[in-house]
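Below: one structure, written as structure tokens.
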Amino acid sequence: MTELQRPEPKPGVMDIAAYVPGKSAAPAGVKTVYKLSSNESPLGASPKAVDAVRDVAGKLEFYPDGSATRLREAIAEVHGLNPANIICSNGSDEVLGLLALTYLQPGDEAIFTEHGFLVYRIYTQAASAVPVAVKETDETADVDAILAAVTEKTKIVFLANPNNPTGTYIPFEEVRRLHAALPKHVLLVLDAAYAEYVRRNDYESGMELVASSQNVVMTRTFSKIHGLGGARLGWMYAPAHIIDALNRVRGPFNVNAVAIEAGIAAIRDRAHVEEAVAHNDKWLVWLTEELTKLGLRVTPSVGNFVLIHFPDEAHSAAAADDYLTQRGYILRRVGGYGFPNALRMTIGTEEANRGVVSALTEFLKP
Ligand SMILES: *Cc1c(COP(=O)(O)O)cnc(C)c1O
């Protein structure tokens, strides 16, 4: 055996492209910064969640409840679920990672779509499994393409519905068709991070399918509609056997006390959620129209962000990003998602939205 001069990560780890979060800084001298790069809520967190965090700040010496019971009960109450089928996590990223760690062995395959959320690939590789990215159609998940990629080695299918960074979704009939055709031992992960924003009659986040199947889970987050990205809180609704497996693998106190209290207050504040949905509805439509009028192609989105495609080299996404950043508007480069000439913009405050449209109007002037 050749002697190693230092510890080496297991094979595959150094092939992982580390996740690059949305930028938050603008050049020195920019007065107001509008961070529109991470799909954070322009309304912020519920004031009730902020109060709950203040209260818990005086008790930080105590470990949290390792099973987050009150939080699971609050989530269950609001969504009409059994708390025993809920597991909470340090952001939904963590639960996605736990699924990979629990269900993927070296050599197994996990499927996701071409422009799917990058975290699926990262955790698949971290579990020493093989990431399989399948083609989308019209920047939308394609059920037939997913099914065509299933092999004997497939263990997980990750589907973000709606997807980030495209904002597109597939109707629930399509999700059902996918599930019906998957082998029973393949885990279907429905990542519904943006479910609250979707206003379409043919959309469902997947709760009923979870309840009536043994191989479907749905993940949700407090980072988007609830405005708690900084607190790191997510959850999953799953069959009992999957909850049981993940409870053995997860850290014993994976959700901290601050997140637990913020989450309980946030999920009960339905008025704040409705306000966030109404704001998004209005400005998603407005931005899509205004950007389209400027001659930019916008992928039709049902989430709290839009994917904006830039036309030519003179007006590239990179040039637009520089131009906007200098004016304090921080959007998201999405080259890593297979869109070298697009930017993703989170729906912001009225001021931010109008500001971006004005800046892009100037930018595009011949
Ligand atoms: C933002 C996002 C999440 C949520 O991540 P957290 O870890 O809960 O902050 C999950 N999935 C998708 C597709 C997302 O865009």
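To be explicit about the labels: the chains of the structure tokens are called A, B, and onward in the order shown, and within each one the residues are counted from 1, while ligands get numbers from 1 in the order they are shown.
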Counting only C-alpha atoms, what are the residues of range 226-313 of chain A within 9 Å of range 74-94 of chain A, and for each of them which pair of atoms is the nearest and at what distance in Å, to one decimal? Sort the table by chain and rising number, as a Markdown table.
| residue | atom | partner | partner_atom | distance |
| --- | --- | --- | --- | --- |
| A:Gly229 | CA | A:Gly91 | CA | 7.8 |
| A:Ala231 | CA | A:Gly91 | CA | 8.1 |
| A:Arg232 | CA | A:Gly91 | CA | 4.3 |
| A:Leu233 | CA | A:Gly91 | CA | 3.9 |
| A:Gly234 | CA | A:Ser92 | CA | 4.1 |
| A:Trp235 | CA | A:Cys88 | CA | 4.2 |
| A:Met236 | CA | A:Ile87 | CA | 5.4 |
| A:Tyr237 | CA | A:Ile86 | CA | 4.7 |
| A:Ala238 | CA | A:Asn85 | CA | 5.4 |
| A:Pro239 | CA | A:Asn85 | CA | 6.0 |
| A:Ala240 | CA | A:Asn85 | CA | 5.7 |
| A:Ile242 | CA | A:Asn85 | CA | 8.8 |
| A:Ile243 | CA | A:Ile87 | CA | 6.5 |
| A:Leu246 | CA | A:Ile87 | CA | 8.3 |
| A:Asn247 | CA | A:Ile87 | CA | 7.9 |
| A:Arg250 | CA | A:Ser89 | CA | 8.6 |
| A:Asn254 | CA | A:Asn90 | CA | 6.0 |
| A:Val255 | CA | A:Asn90 | CA | 5.3 |
| A:Asn256 | CA | A:Asn90 | CA | 7.8 |
| A:Ala259 | CA | A:Asn90 | CA | 8.4 |
| A:Gly263 | CA | A:Ala74 | CA | 8.6 |
| A:Ile264 | CA | A:Ala74 | CA | 6.0 |
| A:Ala265 | CA | A:Ala74 | CA | 8.7 |
| A:Ile267 | CA | A:Ile75 | CA | 6.7 |
| A:Arg268 | CA | A:Val78 | CA | 7.1 |
| A:Arg270 | CA | A:Val78 | CA | 8.9 |
Restricting the output to N, CA and C atoms, write the selected residues as a compact mmCIF listing (two decimals), in the first residue's frame.
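Printed below is part_25.txt as written:
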# COMPACT_ATOMS: atom_id res chain seq x y z
N GLY A 229 -34.88 32.00 6.00
CA GLY A 229 -33.68 31.37 5.43
C GLY A 229 -32.51 31.35 6.41
N ALA A 231 -32.57 31.13 9.59
CA ALA A 231 -32.77 30.25 10.75
C ALA A 231 -32.51 28.78 10.40
N ARG A 232 -32.50 28.44 9.12
CA ARG A 232 -32.28 27.08 8.61
C ARG A 232 -33.33 26.11 9.16
N LEU A 233 -34.41 26.00 8.46
CA LEU A 233 -35.46 25.09 8.90
C LEU A 233 -36.23 24.52 7.71
N GLY A 234 -36.32 23.21 7.69
CA GLY A 234 -37.12 22.54 6.67
C GLY A 234 -37.82 21.35 7.29
N TRP A 235 -38.66 20.69 6.52
CA TRP A 235 -39.34 19.49 7.03
C TRP A 235 -39.71 18.57 5.89
N MET A 236 -40.01 17.35 6.28
CA MET A 236 -40.41 16.37 5.28
C MET A 236 -41.63 15.61 5.79
N TYR A 237 -42.54 15.33 4.88
CA TYR A 237 -43.70 14.49 5.17
C TYR A 237 -43.44 13.16 4.45
N ALA A 238 -43.50 12.06 5.20
CA ALA A 238 -43.05 10.79 4.63
C ALA A 238 -43.74 9.62 5.31
N PRO A 239 -43.73 8.45 4.66
CA PRO A 239 -44.25 7.24 5.30
C PRO A 239 -43.44 6.92 6.56
N ALA A 240 -44.06 6.23 7.52
CA ALA A 240 -43.44 5.96 8.82
C ALA A 240 -42.10 5.25 8.68
N ILE A 242 -39.84 5.49 6.46
CA ILE A 242 -38.77 6.41 6.02
C ILE A 242 -38.40 7.36 7.17
N ILE A 243 -39.39 7.83 7.90
CA ILE A 243 -39.12 8.66 9.09
C ILE A 243 -38.25 7.86 10.07
N LEU A 246 -34.63 7.72 8.80
CA LEU A 246 -33.90 8.99 8.90
C LEU A 246 -33.65 9.39 10.35
N ASN A 247 -34.55 9.03 11.24
CA ASN A 247 -34.34 9.35 12.65
C ASN A 247 -33.12 8.64 13.22
N ARG A 250 -29.97 10.90 11.35
CA ARG A 250 -29.81 12.34 11.56
C ARG A 250 -29.07 12.64 12.86
N ASN A 254 -30.62 18.07 15.38
CA ASN A 254 -30.35 18.69 14.08
C ASN A 254 -31.09 20.00 13.87
N VAL A 255 -32.17 20.23 14.62
CA VAL A 255 -32.88 21.51 14.50
C VAL A 255 -32.67 22.29 15.79
N ASN A 256 -32.14 23.49 15.66
CA ASN A 256 -31.80 24.25 16.87
C ASN A 256 -33.02 24.93 17.48
N ALA A 259 -34.58 28.00 15.66
CA ALA A 259 -35.36 27.61 14.49
C ALA A 259 -36.71 27.01 14.91
N GLY A 263 -40.08 28.74 13.79
CA GLY A 263 -40.92 27.95 12.89
C GLY A 263 -42.35 27.81 13.41
N ILE A 264 -42.48 27.57 14.71
CA ILE A 264 -43.83 27.41 15.29
C ILE A 264 -44.63 28.70 15.10
N ALA A 265 -43.99 29.83 15.38
CA ALA A 265 -44.69 31.11 15.25
C ALA A 265 -44.99 31.41 13.78
N ILE A 267 -45.36 29.36 11.11
CA ILE A 267 -46.35 28.54 10.39
C ILE A 267 -47.78 28.85 10.87
N ARG A 268 -47.88 29.34 12.11
CA ARG A 268 -49.22 29.69 12.62
C ARG A 268 -49.67 31.06 12.13
N ARG A 270 -50.84 32.69 9.56
CA ARG A 270 -51.37 32.50 8.20
C ARG A 270 -51.55 33.82 7.46
Ligand 1 neighbours within 8 Å using only C-alpha atoms and all ligand atoms, as a ChimeraX atom specification = /A:38-39,90-94,116-117,119,160-165,191-194,219-224,229,232-234
With C-alpha atoms retained, could you export that selection as an mmCIF file, in the first residue's frame?
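Produced file result-v8.cif, reproduced below:
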data_model
loop_
_atom_site.group_PDB
_atom_site.id
_atom_site.type_symbol
_atom_site.label_atom_id
_atom_site.label_comp_id
_atom_site.auth_asym_id
_atom_site.auth_seq_id
_atom_site.Cartn_x
_atom_site.Cartn_y
_atom_site.Cartn_z
ATOM 1 C CA SER A 38 -31.525 33.775 -3.088
ATOM 2 C CA ASN A 39 -35.336 33.754 -3.336
ATOM 3 C CA ASN A 90 -31.637 22.140 9.380
ATOM 4 C CA GLY A 91 -33.064 23.592 6.185
ATOM 5 C CA SER A 92 -34.660 21.238 3.699
ATOM 6 C CA ASP A 93 -31.158 20.810 2.268
ATOM 7 C CA GLU A 94 -30.343 18.673 5.283
ATOM 8 C CA GLY A 116 -32.782 20.765 -11.439
ATOM 9 C CA PHE A 117 -31.740 22.128 -8.048
ATOM 10 C CA VAL A 119 -28.150 20.186 -4.193
ATOM 11 C CA ALA A 160 -38.371 19.938 -7.613
ATOM 12 C CA ASN A 161 -41.948 20.960 -8.362
ATOM 13 C CA PRO A 162 -41.868 23.876 -9.059
ATOM 14 C CA ASN A 163 -38.214 23.785 -10.022
ATOM 15 C CA ASN A 164 -35.506 26.281 -9.161
ATOM 16 C CA PRO A 165 -34.075 28.130 -11.157
ATOM 17 C CA ASP A 191 -39.225 18.962 -3.323
ATOM 18 C CA ALA A 192 -42.027 21.465 -2.839
ATOM 19 C CA ALA A 193 -39.940 24.399 -1.594
ATOM 20 C CA TYR A 194 -42.121 26.871 -3.532
ATOM 21 C CA THR A 219 -39.940 18.191 1.424
ATOM 22 C CA ARG A 220 -40.793 21.763 2.410
ATOM 23 C CA THR A 221 -38.872 24.754 3.673
ATOM 24 C CA PHE A 222 -39.266 27.753 5.968
ATOM 25 C CA SER A 223 -36.654 29.628 3.909
ATOM 26 C CA LYS A 224 -38.915 30.946 1.164
ATOM 27 C CA GLY A 229 -33.677 31.374 5.432
ATOM 28 C CA ARG A 232 -32.282 27.084 8.605
ATOM 29 C CA LEU A 233 -35.462 25.085 8.900
ATOM 30 C CA GLY A 234 -37.115 22.541 6.668
#
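The two atoms in question, CA of Ser128 in chain A and CA of Leu104 in chain A, are spaced 7.8 Å apart.
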Mind listing the helix (DSSP H, G or I) residues of range 71-305 of chain A, per DSSP on the backbone, as a PyMOL selection string?
-> chain A and resi 71-79+83-85+91-103+119-126+143-149+172-181+195-197+207-211+229-231+240-249+257-268+270-293
Neighbour list for Glu196 in chain A as number ranges by chain, cut-off 9 Å, only C-alpha atoms, skip fewer than 2 positions in-chain = A: 192-194, 198-199, 205, 225, 273, 277, 303
Write to file, as a PDB file, in the first residue's frame, the residues of the selection just made, with N, CA and C atoms.
ATOM      1  N   ALA A 192     -40.980  20.458  -2.640  1.00  0.00           N
ATOM      2  CA  ALA A 192     -42.027  21.465  -2.839  1.00  0.00           C
ATOM      3  C   ALA A 192     -41.675  22.770  -2.126  1.00  0.00           C
ATOM      4  N   ALA A 193     -40.425  23.197  -2.291  1.00  0.00           N
ATOM      5  CA  ALA A 193     -39.940  24.399  -1.594  1.00  0.00           C
ATOM      6  C   ALA A 193     -40.778  25.641  -1.911  1.00  0.00           C
ATOM      7  N   TYR A 194     -41.379  25.671  -3.110  1.00  0.00           N
ATOM      8  CA  TYR A 194     -42.121  26.871  -3.532  1.00  0.00           C
ATOM      9  C   TYR A 194     -43.628  26.633  -3.604  1.00  0.00           C
ATOM     10  N   VAL A 198     -47.639  28.676  -5.602  1.00  0.00           N
ATOM     11  CA  VAL A 198     -48.237  28.225  -6.860  1.00  0.00           C
ATOM     12  C   VAL A 198     -49.743  28.439  -6.850  1.00  0.00           C
ATOM     13  N   ARG A 199     -50.237  29.138  -7.846  1.00  0.00           N
ATOM     14  CA  ARG A 199     -51.672  29.359  -8.005  1.00  0.00           C
ATOM     15  C   ARG A 199     -52.133  28.715  -9.302  1.00  0.00           C
ATOM     16  N   SER A 205     -48.847  19.751  -4.045  1.00  0.00           N
ATOM     17  CA  SER A 205     -47.488  19.576  -3.531  1.00  0.00           C
ATOM     18  C   SER A 205     -47.138  18.107  -3.315  1.00  0.00           C
ATOM     19  N   ILE A 225     -41.323  31.178   1.589  1.00  0.00           N
ATOM     20  CA  ILE A 225     -42.514  31.975   1.923  1.00  0.00           C
ATOM     21  C   ILE A 225     -42.462  32.487   3.366  1.00  0.00           C
ATOM     22  N   VAL A 273     -48.355  34.688   5.742  1.00  0.00           N
ATOM     23  CA  VAL A 273     -48.162  33.837   4.556  1.00  0.00           C
ATOM     24  C   VAL A 273     -49.029  34.359   3.406  1.00  0.00           C
ATOM     25  N   VAL A 277     -47.970  35.684  -0.329  1.00  0.00           N
ATOM     26  CA  VAL A 277     -48.491  35.096  -1.568  1.00  0.00           C
ATOM     27  C   VAL A 277     -49.094  36.186  -2.453  1.00  0.00           C
ATOM     28  N   GLY A 303     -43.147  30.405  -9.251  1.00  0.00           N
ATOM     29  CA  GLY A 303     -42.466  30.552  -7.964  1.00  0.00           C
ATOM     30  C   GLY A 303     -42.296  32.008  -7.560  1.00  0.00           C
TER      31      GLY A 303
END
Residues within 9 Å of Thr102 in chain A, only C-alpha atoms, excluding chain neighbours under 6 positions, as a PDB file with N, CA and C atoms, in the first residue's frame:
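Result written to result07.pdb:
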ATOM      1  N   ALA A 127     -22.764  10.796  -1.434  1.00  0.00           N
ATOM      2  CA  ALA A 127     -23.116   9.443  -1.004  1.00  0.00           C
ATOM      3  C   ALA A 127     -22.429   8.387  -1.887  1.00  0.00           C
ATOM      4  N   ALA A 245     -36.176   5.424   9.479  1.00  0.00           N
ATOM      5  CA  ALA A 245     -34.791   5.277   8.983  1.00  0.00           C
ATOM      6  C   ALA A 245     -34.009   6.584   9.169  1.00  0.00           C
ATOM      7  N   LEU A 246     -34.633   7.716   8.796  1.00  0.00           N
ATOM      8  CA  LEU A 246     -33.904   8.990   8.897  1.00  0.00           C
ATOM      9  C   LEU A 246     -33.647   9.395  10.347  1.00  0.00           C
ATOM     10  N   VAL A 249     -30.380   8.150  11.374  1.00  0.00           N
ATOM     11  CA  VAL A 249     -29.185   8.689  10.701  1.00  0.00           C
ATOM     12  C   VAL A 249     -28.922  10.152  11.072  1.00  0.00           C
TER      13      VAL A 249
END
Name the residues in contact with Gly66 in chain A at a cut-off of 7 Å, using only C-alpha atoms, excluding same-chain residues fewer than 2 positions from it; report them as a PyMOL selection string.
-> chain A and resi 64+68+252-253
Identify, with DSSP run on backbone atoms, the residues in range 2-117 of chain A assigned to strand (DSSP E), and express the list as number ranges by chain.
-> A: 34-35, 86-89, 109-113
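Across A:Val95, A:Arg200, A:Ala317, A:Glu274, the tightest approach to Met218 in chain A is made by A:Val95 when counting only C-alpha atoms.
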